[in-house]
Structures are given as structure tokens and as C-alpha cells.
>>> print(open('my_file10.txt').read())   # compact mmCIF, N, CA and C atoms
# COMPACT_ATOMS: atom_id res chain seq x y z
N MET A 1 0.81 -1.20 0.00
CA MET A 1 0.00 0.00 0.00
C MET A 1 0.86 1.27 0.00
N LYS A 2 2.02 1.22 0.64
CA LYS A 2 2.89 2.38 0.65
C LYS A 2 3.39 2.70 -0.76
N THR A 3 3.66 1.68 -1.54
CA THR A 3 4.13 1.88 -2.90
C THR A 3 3.05 2.57 -3.75
N PHE A 4 1.80 2.16 -3.56
CA PHE A 4 0.70 2.77 -4.30
C PHE A 4 0.59 4.26 -3.96
N GLY A 5 0.71 4.60 -2.69
CA GLY A 5 0.65 5.99 -2.26
C GLY A 5 1.77 6.82 -2.88
N LYS A 6 2.96 6.25 -2.96
CA LYS A 6 4.10 6.95 -3.58
C LYS A 6 3.85 7.16 -5.07
N LEU A 7 3.30 6.16 -5.72
CA LEU A 7 3.00 6.28 -7.14
C LEU A 7 1.95 7.36 -7.41
N VAL A 8 0.93 7.42 -6.55
CA VAL A 8 -0.10 8.44 -6.70
C VAL A 8 0.52 9.83 -6.49
N PHE A 9 1.36 9.95 -5.46
CA PHE A 9 2.03 11.23 -5.20
C PHE A 9 2.88 11.65 -6.40
N LEU A 10 3.66 10.73 -6.95
CA LEU A 10 4.50 11.04 -8.10
C LEU A 10 3.65 11.43 -9.31
N ALA A 11 2.56 10.73 -9.53
CA ALA A 11 1.69 11.04 -10.66
C ALA A 11 1.11 12.45 -10.53
N ILE A 12 0.69 12.81 -9.32
CA ILE A 12 0.14 14.15 -9.09
C ILE A 12 1.24 15.20 -9.24
N PHE A 13 2.41 14.93 -8.66
CA PHE A 13 3.52 15.86 -8.73
C PHE A 13 3.91 16.16 -10.17
N PHE A 14 4.12 15.13 -10.97
CA PHE A 14 4.52 15.34 -12.36
C PHE A 14 3.37 15.92 -13.19
N GLY A 15 2.15 15.57 -12.87
CA GLY A 15 1.01 16.13 -13.58
C GLY A 15 0.89 17.64 -13.36
N VAL A 16 1.16 18.08 -12.14
CA VAL A 16 1.08 19.51 -11.83
C VAL A 16 2.22 20.26 -12.49
N PHE A 17 3.44 19.76 -12.36
CA PHE A 17 4.59 20.50 -12.86
C PHE A 17 4.81 20.36 -14.35
N LEU A 18 4.50 19.23 -14.92
CA LEU A 18 4.67 19.07 -16.36
C LEU A 18 3.49 19.61 -17.14
N GLY A 19 2.34 19.66 -16.50
CA GLY A 19 1.15 20.16 -17.18
C GLY A 19 0.94 21.65 -17.00
N ALA A 20 1.74 22.26 -16.15
CA ALA A 20 1.60 23.69 -15.90
C ALA A 20 2.06 24.50 -17.10
N ALA A 21 1.55 25.69 -17.21
CA ALA A 21 1.97 26.59 -18.30
C ALA A 21 3.44 26.95 -18.11
N PRO A 22 4.19 27.00 -19.21
CA PRO A 22 5.61 27.33 -19.09
C PRO A 22 5.82 28.76 -18.62
N ALA A 23 6.91 28.97 -17.94
CA ALA A 23 7.26 30.31 -17.48
C ALA A 23 7.64 31.17 -18.66
N ALA A 24 7.60 32.46 -18.44
CA ALA A 24 7.98 33.39 -19.50
C ALA A 24 9.46 33.22 -19.82
N ALA A 25 9.74 32.73 -20.98
CA ALA A 25 11.12 32.53 -21.42
C ALA A 25 11.13 32.55 -22.94
N GLY A 26 12.31 32.63 -23.49
CA GLY A 26 12.41 32.69 -24.93
C GLY A 26 13.29 31.60 -25.49
N GLU A 27 13.32 31.54 -26.79
CA GLU A 27 14.16 30.58 -27.47
C GLU A 27 14.66 31.19 -28.77
N ALA A 28 15.77 30.69 -29.22
CA ALA A 28 16.36 31.14 -30.47
C ALA A 28 16.61 29.94 -31.36
N GLY A 29 16.42 30.14 -32.65
CA GLY A 29 16.63 29.05 -33.58
C GLY A 29 16.75 29.55 -35.00
N LYS A 30 16.68 28.60 -35.91
CA LYS A 30 16.85 28.92 -37.32
C LYS A 30 15.60 28.51 -38.08
N VAL A 31 15.09 29.44 -38.89
CA VAL A 31 13.97 29.17 -39.79
C VAL A 31 14.57 28.91 -41.16
N SER A 32 14.13 27.83 -41.79
CA SER A 32 14.61 27.53 -43.14
C SER A 32 13.47 27.00 -43.98
N CYS A 33 13.60 27.17 -45.28
CA CYS A 33 12.59 26.71 -46.23
C CYS A 33 13.08 25.41 -46.86
N SER A 34 12.16 24.45 -46.94
CA SER A 34 12.54 23.15 -47.51
C SER A 34 12.21 23.03 -49.00
N THR A 35 11.73 24.09 -49.62
CA THR A 35 11.47 24.05 -51.06
C THR A 35 12.81 23.96 -51.80
N PRO A 36 12.96 22.98 -52.68
CA PRO A 36 14.22 22.86 -53.42
C PRO A 36 14.56 24.14 -54.19
N GLY A 37 15.78 24.60 -54.02
CA GLY A 37 16.26 25.77 -54.72
C GLY A 37 15.93 27.10 -54.07
N CYS A 38 15.13 27.10 -53.01
CA CYS A 38 14.75 28.37 -52.38
C CYS A 38 15.90 28.93 -51.54
N GLY A 39 16.38 28.17 -50.59
CA GLY A 39 17.53 28.59 -49.79
C GLY A 39 17.25 29.63 -48.73
N TYR A 40 15.98 29.95 -48.44
CA TYR A 40 15.68 30.94 -47.41
C TYR A 40 16.07 30.43 -46.03
N HIS A 41 16.70 31.27 -45.25
CA HIS A 41 16.97 30.97 -43.84
C HIS A 41 17.01 32.28 -43.06
N TYR A 42 16.65 32.18 -41.77
CA TYR A 42 16.57 33.36 -40.93
C TYR A 42 16.78 32.93 -39.48
N ASN A 43 17.58 33.67 -38.74
CA ASN A 43 17.77 33.42 -37.31
C ASN A 43 16.64 34.12 -36.57
N LEU A 44 15.85 33.34 -35.83
CA LEU A 44 14.64 33.85 -35.20
C LEU A 44 14.68 33.64 -33.69
N ARG A 45 14.27 34.67 -32.96
CA ARG A 45 14.11 34.57 -31.51
C ARG A 45 12.62 34.67 -31.21
N ILE A 46 12.11 33.72 -30.44
CA ILE A 46 10.70 33.69 -30.06
C ILE A 46 10.60 34.03 -28.58
N GLY A 47 9.78 35.01 -28.25
CA GLY A 47 9.59 35.40 -26.86
C GLY A 47 10.74 36.22 -26.34
N GLY A 48 10.82 36.33 -25.02
CA GLY A 48 11.86 37.11 -24.39
C GLY A 48 12.23 36.54 -23.05
N GLY A 49 13.15 37.17 -22.39
CA GLY A 49 13.56 36.74 -21.07
C GLY A 49 12.61 37.24 -20.00
N MET A 50 12.78 36.76 -18.78
CA MET A 50 11.90 37.16 -17.69
C MET A 50 11.85 38.67 -17.52
N LYS A 51 12.97 39.32 -17.63
CA LYS A 51 13.03 40.76 -17.40
C LYS A 51 12.99 41.58 -18.69
N SER A 52 12.88 40.92 -19.81
CA SER A 52 12.79 41.64 -21.09
C SER A 52 11.68 41.03 -21.94
N PRO A 53 10.42 41.36 -21.62
CA PRO A 53 9.30 40.80 -22.36
C PRO A 53 9.34 41.23 -23.83
N SER A 54 9.19 40.25 -24.71
CA SER A 54 9.20 40.51 -26.15
C SER A 54 8.21 39.59 -26.84
N LEU A 55 7.73 40.04 -27.97
CA LEU A 55 6.82 39.25 -28.78
C LEU A 55 7.38 39.16 -30.18
N THR A 56 7.36 37.98 -30.73
CA THR A 56 7.81 37.75 -32.10
C THR A 56 6.58 37.54 -32.97
N GLY A 57 6.63 38.07 -34.18
CA GLY A 57 5.51 37.91 -35.08
C GLY A 57 5.96 38.02 -36.52
N TYR A 58 4.98 37.97 -37.41
CA TYR A 58 5.24 38.04 -38.84
C TYR A 58 4.32 39.08 -39.46
N CYS A 59 4.87 39.94 -40.29
CA CYS A 59 4.09 40.96 -41.01
C CYS A 59 3.94 40.48 -42.45
N ARG A 60 2.70 40.25 -42.84
CA ARG A 60 2.44 39.72 -44.18
C ARG A 60 2.77 40.71 -45.30
N SER A 61 2.48 41.98 -45.09
CA SER A 61 2.69 42.95 -46.18
C SER A 61 4.18 43.15 -46.49
N THR A 62 5.02 43.14 -45.46
CA THR A 62 6.45 43.33 -45.69
C THR A 62 7.20 42.00 -45.81
N LYS A 63 6.52 40.90 -45.50
CA LYS A 63 7.10 39.56 -45.54
C LYS A 63 8.36 39.49 -44.66
N GLN A 64 8.20 39.98 -43.42
CA GLN A 64 9.32 40.00 -42.49
C GLN A 64 8.89 39.52 -41.11
N PHE A 65 9.82 38.86 -40.44
CA PHE A 65 9.63 38.52 -39.04
C PHE A 65 9.96 39.77 -38.23
N VAL A 66 9.19 40.01 -37.18
CA VAL A 66 9.33 41.21 -36.36
C VAL A 66 9.39 40.80 -34.89
N ARG A 67 10.20 41.49 -34.14
CA ARG A 67 10.29 41.26 -32.69
C ARG A 67 10.01 42.57 -31.99
N LEU A 68 8.98 42.58 -31.15
CA LEU A 68 8.59 43.78 -30.43
C LEU A 68 8.97 43.68 -28.97
N LYS A 69 9.62 44.69 -28.44
CA LYS A 69 9.89 44.78 -27.01
C LYS A 69 8.62 45.28 -26.34
N LEU A 70 8.21 44.60 -25.29
CA LEU A 70 7.00 44.98 -24.56
C LEU A 70 7.36 45.62 -23.23
N LYS A 71 6.44 46.40 -22.69
CA LYS A 71 6.69 47.03 -21.39
C LYS A 71 6.48 46.04 -20.26
N LYS A 72 5.53 45.11 -20.45
CA LYS A 72 5.25 44.11 -19.41
C LYS A 72 4.69 42.84 -20.05
N TRP A 73 4.85 41.72 -19.36
CA TRP A 73 4.40 40.44 -19.89
C TRP A 73 2.89 40.36 -20.05
N GLU A 74 2.14 41.18 -19.34
CA GLU A 74 0.69 41.16 -19.44
C GLU A 74 0.22 41.56 -20.86
N ASP A 75 1.09 42.26 -21.60
CA ASP A 75 0.74 42.68 -22.97
C ASP A 75 1.04 41.59 -24.01
N TYR A 76 1.60 40.48 -23.60
CA TYR A 76 2.06 39.44 -24.53
C TYR A 76 0.96 38.91 -25.44
N ARG A 77 -0.21 38.61 -24.90
CA ARG A 77 -1.29 38.02 -25.70
C ARG A 77 -2.26 39.05 -26.28
N LYS A 78 -1.97 40.31 -26.08
CA LYS A 78 -2.83 41.35 -26.66
C LYS A 78 -2.52 41.51 -28.14
N PRO A 79 -3.45 42.06 -28.93
CA PRO A 79 -3.18 42.30 -30.36
C PRO A 79 -2.06 43.33 -30.53
N HIS A 80 -1.19 43.09 -31.48
CA HIS A 80 -0.10 44.00 -31.80
C HIS A 80 -0.09 44.24 -33.31
N TYR A 81 0.52 45.35 -33.70
CA TYR A 81 0.53 45.74 -35.10
C TYR A 81 1.96 45.82 -35.63
N CYS A 82 2.09 45.63 -36.92
CA CYS A 82 3.40 45.71 -37.56
C CYS A 82 3.94 47.13 -37.41
N PRO A 83 5.23 47.26 -37.17
CA PRO A 83 5.82 48.59 -37.02
C PRO A 83 5.59 49.45 -38.26
N GLY A 84 5.13 50.68 -38.03
CA GLY A 84 4.93 51.62 -39.12
C GLY A 84 3.66 51.43 -39.91
N SER A 85 2.77 50.53 -39.47
CA SER A 85 1.52 50.34 -40.20
C SER A 85 0.41 49.96 -39.22
N LYS A 86 -0.80 49.85 -39.77
CA LYS A 86 -1.94 49.44 -38.94
C LYS A 86 -2.31 47.99 -39.20
N GLU A 87 -1.43 47.27 -39.87
CA GLU A 87 -1.67 45.86 -40.17
C GLU A 87 -1.46 45.02 -38.91
N PRO A 88 -2.41 44.15 -38.57
CA PRO A 88 -2.21 43.28 -37.41
C PRO A 88 -1.03 42.33 -37.65
N MET A 89 -0.21 42.19 -36.65
CA MET A 89 0.93 41.29 -36.72
C MET A 89 0.46 39.87 -36.41
N GLN A 90 0.96 38.90 -37.14
CA GLN A 90 0.65 37.50 -36.86
C GLN A 90 1.62 37.03 -35.77
N PRO A 91 1.14 36.87 -34.52
CA PRO A 91 2.06 36.52 -33.43
C PRO A 91 2.55 35.08 -33.54
N ILE A 92 3.75 34.86 -33.05
CA ILE A 92 4.32 33.52 -32.98
C ILE A 92 4.57 33.23 -31.50
N TYR A 93 3.71 32.42 -30.91
CA TYR A 93 3.83 32.08 -29.50
C TYR A 93 4.63 30.80 -29.28
N GLU A 94 4.60 29.93 -30.28
CA GLU A 94 5.36 28.69 -30.17
C GLU A 94 5.91 28.29 -31.53
N ARG A 95 6.93 27.51 -31.52
CA ARG A 95 7.67 27.20 -32.76
C ARG A 95 6.84 26.52 -33.82
N SER A 96 5.82 25.76 -33.44
CA SER A 96 5.00 25.06 -34.44
C SER A 96 4.25 26.04 -35.34
N GLN A 97 4.05 27.27 -34.90
CA GLN A 97 3.32 28.26 -35.69
C GLN A 97 4.12 28.76 -36.89
N VAL A 98 5.43 28.55 -36.89
CA VAL A 98 6.25 28.98 -38.02
C VAL A 98 5.83 28.26 -39.30
N ALA A 99 5.39 27.02 -39.18
CA ALA A 99 4.97 26.24 -40.35
C ALA A 99 3.72 26.82 -41.02
N GLU A 100 2.97 27.69 -40.33
CA GLU A 100 1.76 28.29 -40.87
C GLU A 100 2.05 29.57 -41.66
N ILE A 101 3.31 29.96 -41.72
CA ILE A 101 3.71 31.20 -42.39
C ILE A 101 4.32 30.86 -43.75
N PRO A 102 3.87 31.53 -44.80
CA PRO A 102 4.48 31.27 -46.11
C PRO A 102 5.92 31.79 -46.16
N CYS A 103 6.76 31.09 -46.88
CA CYS A 103 8.15 31.49 -47.01
C CYS A 103 8.22 32.89 -47.64
N PRO A 104 8.93 33.83 -47.01
CA PRO A 104 9.03 35.18 -47.57
C PRO A 104 9.70 35.23 -48.95
N GLN A 105 10.45 34.20 -49.28
CA GLN A 105 11.18 34.20 -50.55
C GLN A 105 10.40 33.52 -51.68
N CYS A 106 9.88 32.31 -51.41
CA CYS A 106 9.20 31.57 -52.48
C CYS A 106 7.68 31.51 -52.33
N GLY A 107 7.16 31.84 -51.13
CA GLY A 107 5.72 31.85 -50.93
C GLY A 107 5.09 30.53 -50.56
N ASN A 108 5.86 29.45 -50.51
CA ASN A 108 5.32 28.14 -50.15
C ASN A 108 5.22 27.98 -48.64
N LEU A 109 4.31 27.12 -48.19
CA LEU A 109 4.18 26.81 -46.77
C LEU A 109 5.16 25.71 -46.38
N THR A 110 6.43 26.00 -46.51
CA THR A 110 7.46 24.98 -46.27
C THR A 110 8.53 25.46 -45.29
N LEU A 111 8.17 26.36 -44.39
CA LEU A 111 9.13 26.82 -43.39
C LEU A 111 9.21 25.84 -42.24
N HIS A 112 10.42 25.67 -41.74
CA HIS A 112 10.67 24.81 -40.57
C HIS A 112 11.51 25.60 -39.58
N TYR A 113 11.23 25.38 -38.31
CA TYR A 113 11.98 26.06 -37.25
C TYR A 113 12.76 25.01 -36.46
N GLU A 114 14.03 25.27 -36.27
CA GLU A 114 14.87 24.37 -35.47
C GLU A 114 15.42 25.17 -34.28
N ARG A 115 14.98 24.78 -33.08
CA ARG A 115 15.42 25.48 -31.87
C ARG A 115 16.88 25.15 -31.59
N ARG A 116 17.65 26.19 -31.26
CA ARG A 116 19.07 26.03 -30.96
C ARG A 116 19.42 26.40 -29.52
N LEU A 117 18.58 27.26 -28.90
CA LEU A 117 18.92 27.81 -27.60
C LEU A 117 17.68 28.24 -26.85
N LEU A 118 17.64 27.95 -25.56
CA LEU A 118 16.61 28.47 -24.66
C LEU A 118 17.25 29.56 -23.82
N PHE A 119 16.53 30.65 -23.58
CA PHE A 119 17.08 31.69 -22.72
C PHE A 119 16.00 32.23 -21.82
N ASP A 120 16.44 32.89 -20.76
CA ASP A 120 15.51 33.44 -19.79
C ASP A 120 15.95 34.82 -19.38
>>> encode(input="my_file10.txt", output="C-alpha cells")
Amino acid sequence: MKTFGKLVFLAIFFGVFLGAAPAAAGEAGKVSCSTPGCGYHYNLRIGGGMKSPSLTGYCRSTKQFVRLKLKKWEDYRKPHYCPGSKEPMQPIYERSQVAEIPCPQCGNLTLHYERRLLFD
């Protein structure tokens, strides 16, 4: 019975800590296009450190990735606009969203993100 209690405790412990929302942190990696002959690549930082809140996004009209410095983390999920325009920025909250962005060079939905570094 003691073993069962320990297993239940471990299951609850890992469920709480692994299922919890991640802390505010950022990551850096490389975006590349897999279309043959395209050759597009870009070094991308997603998010920001604990003391430097930032939001990464994509501006469709300029076909550029943009990183905005925020005043506070509470603004992270609010709507943001591309610099110098009133166009809504397409936010990138997690690396899987990069695949939803057309390649700025060839226009195909073939972008891949490879994480290289986590930072806080």
C-alpha cells in the first residue's frame, strides 16, 4: 500500500509541474525553407527573457519577421501591429506556428523552425 501511495504522489507531482503553463522565457533558432532551390533561412528569436518581455511575429505585407519589445508580460497576448503600419501582426507564441507562415522568398508553406537555444 505504501508503494501505491508513492505512485499516486508522483503522478500528481509530475502532472502539476509538467502540465503547468511554461514560465515566461524565450528561445532562439533557425527558420529555413525546404522548397528545393529556395535557400531561405533566418535566425529567429521567439519570446523574451523574464526581465525583457518581447513578442515575435510576422508581417504579411512586408514579408518580415518582427520582434517587439514589450513594457510588461501582461501585454504578450494582446493584439499588436506591424511597425509603421496598422496591419495586425501575426504573433508567434510557439515554434510550431512557423509552419503556418508562407516562405518570404518563395511563398510556399514549407518553413521549418529548429530550436538552438533556450534563454531566460
>>> residues_around(input="my_file10.txt", residues="A:Ser96", least_positions_apart="2", cutoff="12 Å", atoms="only C-alpha atoms", output="VMD selection string")
chain A and resid 31 46 91 to 94 98 to 101 111 to 115
>>> atom_distance(input="my_file10.txt", atom1="atom N of A:Arg95", atom2="atom N of A:Cys38")
23.0 Å
>>> atom_distance(input="my_file10.txt", atom1="atom CA of A:Gly47", atom2="atom CA of A:Cys106")
25.9 Å
>>> atom_distance(input="my_file10.txt", atom1="atom CA of A:Gly39", atom2="atom CA of A:Leu55")
25.9 Å
>>> select_by_dssp(input="my_file10.txt", residues="chain A", states="strand (DSSP E)", output="MDAnalysis selection string")
chainID A and resid 26:33 41:46 54:59 64:69 90:92 111:119
>>> residues_around(input="my_file10.txt", residues="A:Leu70", least_positions_apart="3", cutoff="6.5 Å", atoms="all atoms listed in the file", output="list in words")
Ser52, Pro53, Ser54, Leu55 and Trp73 of chain A
>>> residues_around(input="my_file10.txt", residues="stretch 48-50 of chain A", least_positions_apart="5", cutoff="8 Å", atoms="only N, CA and C atoms", output="number ranges by chain")
A: 23-27, 55-56, 73, 119-120
>>> closest_residue(input="my_file10.txt", among="A:Ser34, A:Gly29, A:Tyr81, A:His41", to="A:Leu109", atoms="only C-alpha atoms")
A:Ser34
>>> closest_residue(input="my_file10.txt", among="A:Lys63, A:Arg45, A:Lys86, A:His80", to="A:Pro104", atoms="only C-alpha atoms")
A:Lys63
